[in-house]
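The file structure.cif contains mmCIF, C-alpha atoms:
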data_data
#
loop_
_atom_site.label_atom_id
_atom_site.label_comp_id
_atom_site.auth_asym_id
_atom_site.auth_seq_id
_atom_site.Cartn_x
_atom_site.Cartn_y
_atom_site.Cartn_z
CA MET Z 1 9.31 -26.51 4.05
CA GLU Z 2 9.85 -26.56 7.80
CA GLU Z 3 9.15 -23.92 10.41
CA GLN Z 4 12.38 -22.86 12.09
CA PHE Z 5 13.73 -20.02 14.24
CA ILE Z 6 17.05 -18.89 15.65
CA LEU Z 7 17.57 -19.46 19.39
CA ARG Z 8 20.24 -17.17 20.88
CA VAL Z 9 21.12 -17.87 24.51
CA PRO Z 10 23.82 -16.70 26.96
CA PRO Z 11 27.06 -18.74 27.10
CA SER Z 12 26.16 -20.40 30.41
CA VAL Z 13 22.84 -21.62 28.99
CA SER Z 14 24.41 -22.81 25.73
CA GLU Z 15 26.77 -25.17 27.62
CA ARG Z 16 23.86 -26.76 29.46
CA ILE Z 17 21.93 -27.15 26.20
CA ASP Z 18 24.93 -28.84 24.59
CA ARG Z 19 25.14 -31.32 27.45
CA LEU Z 20 21.41 -31.91 27.29
CA LEU Z 21 21.46 -32.61 23.57
CA SER Z 22 24.60 -34.75 23.62
CA GLU Z 23 24.32 -38.48 23.17
CA ASP Z 24 25.63 -39.43 26.62
CA ALA Z 25 23.35 -37.06 28.55
CA SER Z 26 21.13 -38.51 31.21
CA THR Z 27 17.60 -37.17 31.13
CA SER Z 28 17.23 -37.60 34.87
CA ASP Z 29 19.75 -34.87 35.65
CA GLU Z 30 17.98 -32.06 33.82
CA ILE Z 31 14.40 -31.15 33.09
CA PRO Z 32 13.66 -30.85 29.35
CA LEU Z 33 13.68 -27.42 27.75
CA ASP Z 34 10.51 -25.38 27.77
CA LEU Z 35 9.48 -22.07 26.24
CA CYS Z 36 6.27 -20.14 26.78
CA PHE Z 37 5.10 -16.71 25.61
CA SER Z 38 2.71 -14.13 26.99
CA GLU Z 39 -0.43 -12.85 25.27
CA ASP Z 40 1.43 -10.32 23.12
CA GLY Z 41 3.47 -13.10 21.50
CA ARG Z 42 6.72 -11.12 21.79
CA SER Z 43 7.88 -11.65 25.37
CA GLY Z 44 8.14 -14.97 27.18
CA THR Z 45 10.12 -17.22 29.48
CA PHE Z 46 12.75 -19.81 28.59
CA MET Z 47 13.12 -22.61 31.15
CA ILE Z 48 15.94 -25.12 31.45
CA GLY Z 49 16.07 -27.26 34.53
CA ASN Z 50 14.82 -25.25 37.47
CA GLU Z 51 15.97 -21.91 36.11
CA GLU Z 52 13.97 -19.37 34.15
CA PHE Z 53 15.31 -16.76 31.74
CA PRO Z 54 13.44 -13.91 30.04
CA ALA Z 55 13.11 -14.22 26.28
CA SER Z 56 12.01 -11.94 23.43
CA LEU Z 57 10.90 -12.70 19.89
CA LEU Z 58 12.66 -10.33 17.45
CA ASP Z 59 12.47 -9.81 13.67
CA LEU Z 60 15.74 -10.24 11.80
CA PRO Z 61 16.80 -7.54 9.32
CA ALA Z 62 16.97 -10.10 6.50
CA VAL Z 63 15.66 -13.58 5.73
CA VAL Z 64 18.11 -16.41 6.48
CA GLU Z 65 17.94 -19.61 4.45
CA SER Z 66 18.39 -22.93 6.23
CA PHE Z 67 19.87 -26.00 4.52
CA LYS Z 68 20.61 -29.58 5.52
CA THR Z 69 22.52 -32.43 3.92
CA TYR Z 70 22.44 -36.21 4.09
CA ASP Z 71 25.72 -37.01 2.33
CA ASP Z 72 27.86 -33.93 3.14
CA SER Z 73 27.74 -33.05 -0.55
CA ALA Z 74 24.25 -32.01 -1.66
CA LEU Z 75 22.37 -29.31 0.25
CA VAL Z 76 18.60 -29.23 0.56
CA LYS Z 77 16.82 -26.04 1.57
CA THR Z 78 14.50 -26.56 4.51
CA ALA Z 79 13.19 -23.14 5.62
CA ASP Z 80 13.32 -19.35 5.43
CA ILE Z 81 14.08 -17.93 8.88
CA GLY Z 82 12.98 -14.38 9.63
CA GLN Z 83 12.73 -14.32 13.44
CA MET Z 84 14.98 -14.98 16.40
CA ILE Z 85 14.26 -15.82 20.05
CA MET Z 86 16.79 -14.01 22.22
CA VAL Z 87 17.23 -15.37 25.74
CA ARG Z 88 18.69 -12.91 28.27
CA GLU Z 89 20.09 -13.08 31.73
CA PRO Z 90 17.55 -12.16 34.43
CA GLY Z 91 19.17 -8.75 35.02
CA ASP Z 92 19.57 -7.70 31.37
CA PRO Z 93 17.19 -5.05 29.97
CA ALA Z 94 14.56 -5.99 27.40
CA PRO Z 95 14.94 -4.69 23.82
CA ASN Z 96 13.05 -1.49 23.00
CA THR Z 97 11.83 -2.64 19.58
CA VAL Z 98 10.82 -5.89 17.92
CA GLU Z 99 13.17 -5.26 14.97
CA TYR Z 100 16.65 -6.55 15.70
CA ARG Z 101 19.23 -4.13 14.36
CA HIS Z 102 22.00 -6.71 13.75
CA GLY Z 103 22.22 -9.78 11.56
CA LEU Z 104 23.63 -13.19 12.43
CA THR Z 105 27.13 -12.66 11.01
CA PRO Z 106 29.74 -9.91 11.65
CA PRO Z 107 29.26 -8.26 8.21
CA MET Z 108 25.60 -7.72 9.10
CA LYS Z 109 26.35 -5.71 12.22
CA ASP Z 110 23.99 -2.72 12.49
CA ALA Z 111 22.52 -3.79 9.15
CA ARG Z 112 19.32 -1.80 9.47
CA LYS Z 113 21.27 1.48 9.60
CA ARG Z 114 24.26 0.75 7.35
CA ARG Z 115 22.77 -1.43 4.62
CA PHE Z 116 19.14 -0.34 4.42
CA ARG Z 117 18.79 3.24 3.28
CA ARG Z 118 15.78 5.40 3.91
CA GLU Z 119 13.21 6.05 1.24
CA PRO Z 120 14.06 9.39 -0.38
CA ASP Z 121 11.66 12.32 -0.16
CA LEU Z 122 10.67 12.76 -3.82
CA ASN Z 123 8.46 15.39 -5.35
CA PRO Z 124 5.38 13.76 -6.98
CA GLU Z 125 5.55 16.20 -9.91
CA LEU Z 126 9.17 15.21 -10.55
CA VAL Z 127 8.24 11.53 -10.54
CA GLN Z 128 5.41 12.14 -13.04
CA ARG Z 129 7.70 14.13 -15.33
CA VAL Z 130 10.37 11.41 -15.30
CA GLU Z 131 7.69 8.81 -16.02
CA ARG Z 132 6.47 10.80 -19.04
CA ASP Z 133 10.03 11.16 -20.29
CA LEU Z 134 10.61 7.41 -20.05
CA LEU Z 135 7.38 6.67 -21.92
CA ASN Z 136 8.42 9.11 -24.66
CA ILE Z 137 11.81 7.45 -24.98
CA LEU Z 138 10.26 3.97 -25.15
CA SER Z 139 7.82 5.12 -27.85
CA GLY Z 140 10.68 6.37 -30.05
CA ARG Z 141 10.19 10.10 -29.48
CA THR Z 142 12.60 12.53 -27.95
CA ILE Z 143 11.83 14.16 -24.65
CA GLU Z 144 11.26 17.62 -26.15
CA ASN Z 145 9.03 16.40 -29.00
CA GLY Z 146 7.03 14.20 -26.69
CA ASN Z 147 6.43 17.03 -24.25
CA GLU Z 148 5.38 19.38 -27.07
CA GLN Z 149 2.93 16.83 -28.47
CA GLN Z 150 1.46 16.24 -25.04
CA GLU Z 151 1.10 19.99 -24.47
CA GLU Z 152 -0.63 20.39 -27.85
CA THR Z 153 -2.97 17.51 -27.09
CA VAL Z 154 -3.87 18.97 -23.72
CA ALA Z 155 -4.40 22.43 -25.28
CA ASN Z 156 -6.69 21.01 -27.98
CA GLU Z 157 -8.72 19.12 -25.41
CA ASN Z 158 -9.12 22.27 -23.31
CA ALA Z 159 -10.16 24.29 -26.37
CA ASN Z 160 -12.77 21.69 -27.34
CA LYS Z 161 -14.14 21.76 -23.82
CA ASN Z 162 -14.36 25.55 -23.82
CA VAL Z 163 -16.16 25.61 -27.17
CA SER Z 164 -18.66 22.96 -26.13
CA SER Z 165 -19.36 24.75 -22.86
CA SER Z 166 -19.74 28.26 -24.43
CA SER Z 167 -22.18 27.21 -27.23
CA PRO Z 168 -25.07 25.25 -25.73
CA ALA Z 169 -27.37 23.45 -28.11
CA THR Z 170 -30.48 25.51 -28.96
CA PRO Z 171 -33.76 23.75 -29.69
CA VAL Z 172 -34.93 23.83 -33.29
CA GLU Z 173 -38.06 25.91 -33.69
CA LYS Z 174 -40.84 24.29 -35.65
CA PRO Z 175 -42.70 26.44 -38.23
CA GLU Z 176 -45.99 27.70 -36.96
CA GLU Z 177 -49.02 26.16 -38.49
CA ALA Z 178 -51.36 28.38 -40.40
CA ALA Z 179 -54.15 29.63 -38.21
CA GLU Z 180 -57.64 28.59 -39.20
CA THR Z 181 -60.12 31.26 -40.25
CA GLY Z 182 -62.59 32.48 -37.67
CA THR Z 183 -60.28 31.85 -34.64
CA ILE Z 184 -59.67 34.58 -32.09
CA ASN Z 185 -56.14 35.93 -31.86
CA ASN Z 186 -54.72 35.05 -28.46
CA ASN Z 187 -52.48 38.11 -28.52
CA ASN Z 188 -55.46 40.53 -28.25
CA THR Z 189 -55.93 42.45 -25.04
CA PRO Z 190 -59.03 41.83 -22.82
CA ALA Z 191 -60.56 45.20 -23.95
CA GLU Z 192 -60.31 44.21 -27.61
CA VAL Z 193 -61.83 40.80 -26.85
CA GLU Z 194 -64.78 42.50 -25.02
CA GLN Z 195 -65.31 44.90 -27.95
CA GLU Z 196 -65.45 42.01 -30.40
CA ARG Z 197 -68.03 40.24 -28.25
CA SER Z 198 -70.22 43.31 -28.06
CA GLU Z 199 -70.07 43.81 -31.84
CA SER Z 200 -71.07 40.20 -32.41
CA GLU Z 201 -74.05 40.60 -30.00
CA ASP Z 202 -75.19 43.81 -31.80
CA SER Z 203 -75.11 42.05 -35.16
CA ASP Z 204 -77.20 39.19 -33.71
CA ASP Z 205 -79.82 41.65 -32.38
CA SER Z 206 -80.12 43.44 -35.69
CA MET Z 207 -80.93 40.15 -37.32
#
Give the structure from this file in structure tokens form.
Amino acid sequence: MEEQFILRVPPSVSERIDRLLSEDASTSDEIPLDLCFSEDGRSGTFMIGNEEFPASLLDLPAVVESFKTYDDSALVKTADIGQMIMVREPGDPAPNTVEYRHGLTPPMKDARKRRFRREPDLNPELVQRVERDLLNILSGRTIENGNEQQEETVANENANKNVSSSSPATPVEKPEEAAETGTINNNNTPAEVEQERSESEDSDDSM
């Protein structure tokens, strides 16, 4: 594939280019063509001979295919062209945007407005509902049955979540081991514990 672009020039410049590219042109009469761009890559200067013309790099509304032939019968595609260099007269105003509104042929006049429609403002909920309906149709269900089954599934999932959240798991209590004989009950109050100590001391003294 080659790299190509469309060069659109004023009529006066096109005649000089035709003479320059013709077979019987003398290279001493005219300086070769030259084209240079500024830092932004969109505006530049087209030079032919000693004259300079302002130029702009514009994006075409559609891709243009380029073909060539060697035998005037078979066509060979060479490039996809999506940009155009427009050369203007020194007094002509520069384009306001980098997107060219017209195409290359008369049917593509004002193509960006007449042939390219705007994206519609759609409700996201409506898009999701249509998507569910299409999935139900592709799965062999009707729209009403599919919606009912989906509603039941969602309701069951919500019920399961509510049940699991309302009944937390309680730890299983282990049976208490039998207390050994002669141990002090931990539930006794400090007064009872002091009384038991004093009784045990009295019994020891009596012995």
Inset, instruction - Name the residues that the PyMOL selection byres ((chain Z and resi 43) around 8) pulls out of this structure, and write them as a list in words. - result: Phe37, Ser38, Asp40, Gly41, Arg42, Gly44, Thr45, Pro54, Ala55, Ser56 and Leu57 of chain Z
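What separates atom CA of Z:Met84 from atom CA of Z:Pro61 is a distance of 10.4 Å.
Distance check against Z:Pro95 using all atoms listed in the file: of Z:Leu58, Z:Gly140, Z:Asp110, Z:Leu134, the minimum falls on Z:Leu58.
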Inset, instruction - Work out how far apart atom CA of Z:Arg101 and atom CA of Z:Glu89 are and give it in Å to one decimal. - result: 19.6 Å
Determine, for each residue of stretch 83-152 of chain Z having at least one atom at most 6 Å from an atom of stretch 6-16 of chain Z, the closest pair of atoms and their separation in Å to one decimal, counting all atoms listed in the file; order by chain and ascending number, as CSV.
residue,atom,partner,partner_atom,distance
Z:Met84,CA,Z:Ile6,CA,4.5
Z:Ile85,CA,Z:Leu7,CA,5.0
Z:Met86,CA,Z:Arg8,CA,4.9
Z:Val87,CA,Z:Val9,CA,4.8
Legend entry - Gap from atom CA of Z:Gln83 to atom CA of Z:Asp18 - Å, one decimal: 22.0 Å
Inset, instruction - Please write as a count of residues only the full residue list that the PyMOL selection byres ((chain Z and resi 67-80) around 8) yields on this file. - result: 10
Inset, instruction - Specify as a ChimeraX atom specification each residue included when the PyMOL selection byres ((chain Z and resi 100) around 8) is applied to this file. - result: /Z:58-61,97-99,101-103
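The smallest atom-to-atom distance between Z:Glu51 and any of Z:Leu135, Z:Phe5, Z:Glu39, Z:Pro90, using only C-alpha atoms, is found for Z:Pro90.
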Inset, instruction - Counting all atoms listed in the file, figure out which residue out of Z:Ser22, Z:Phe53, Z:Cys36, Z:Gln128 gets nearest to Z:Arg88. - result: Z:Phe53
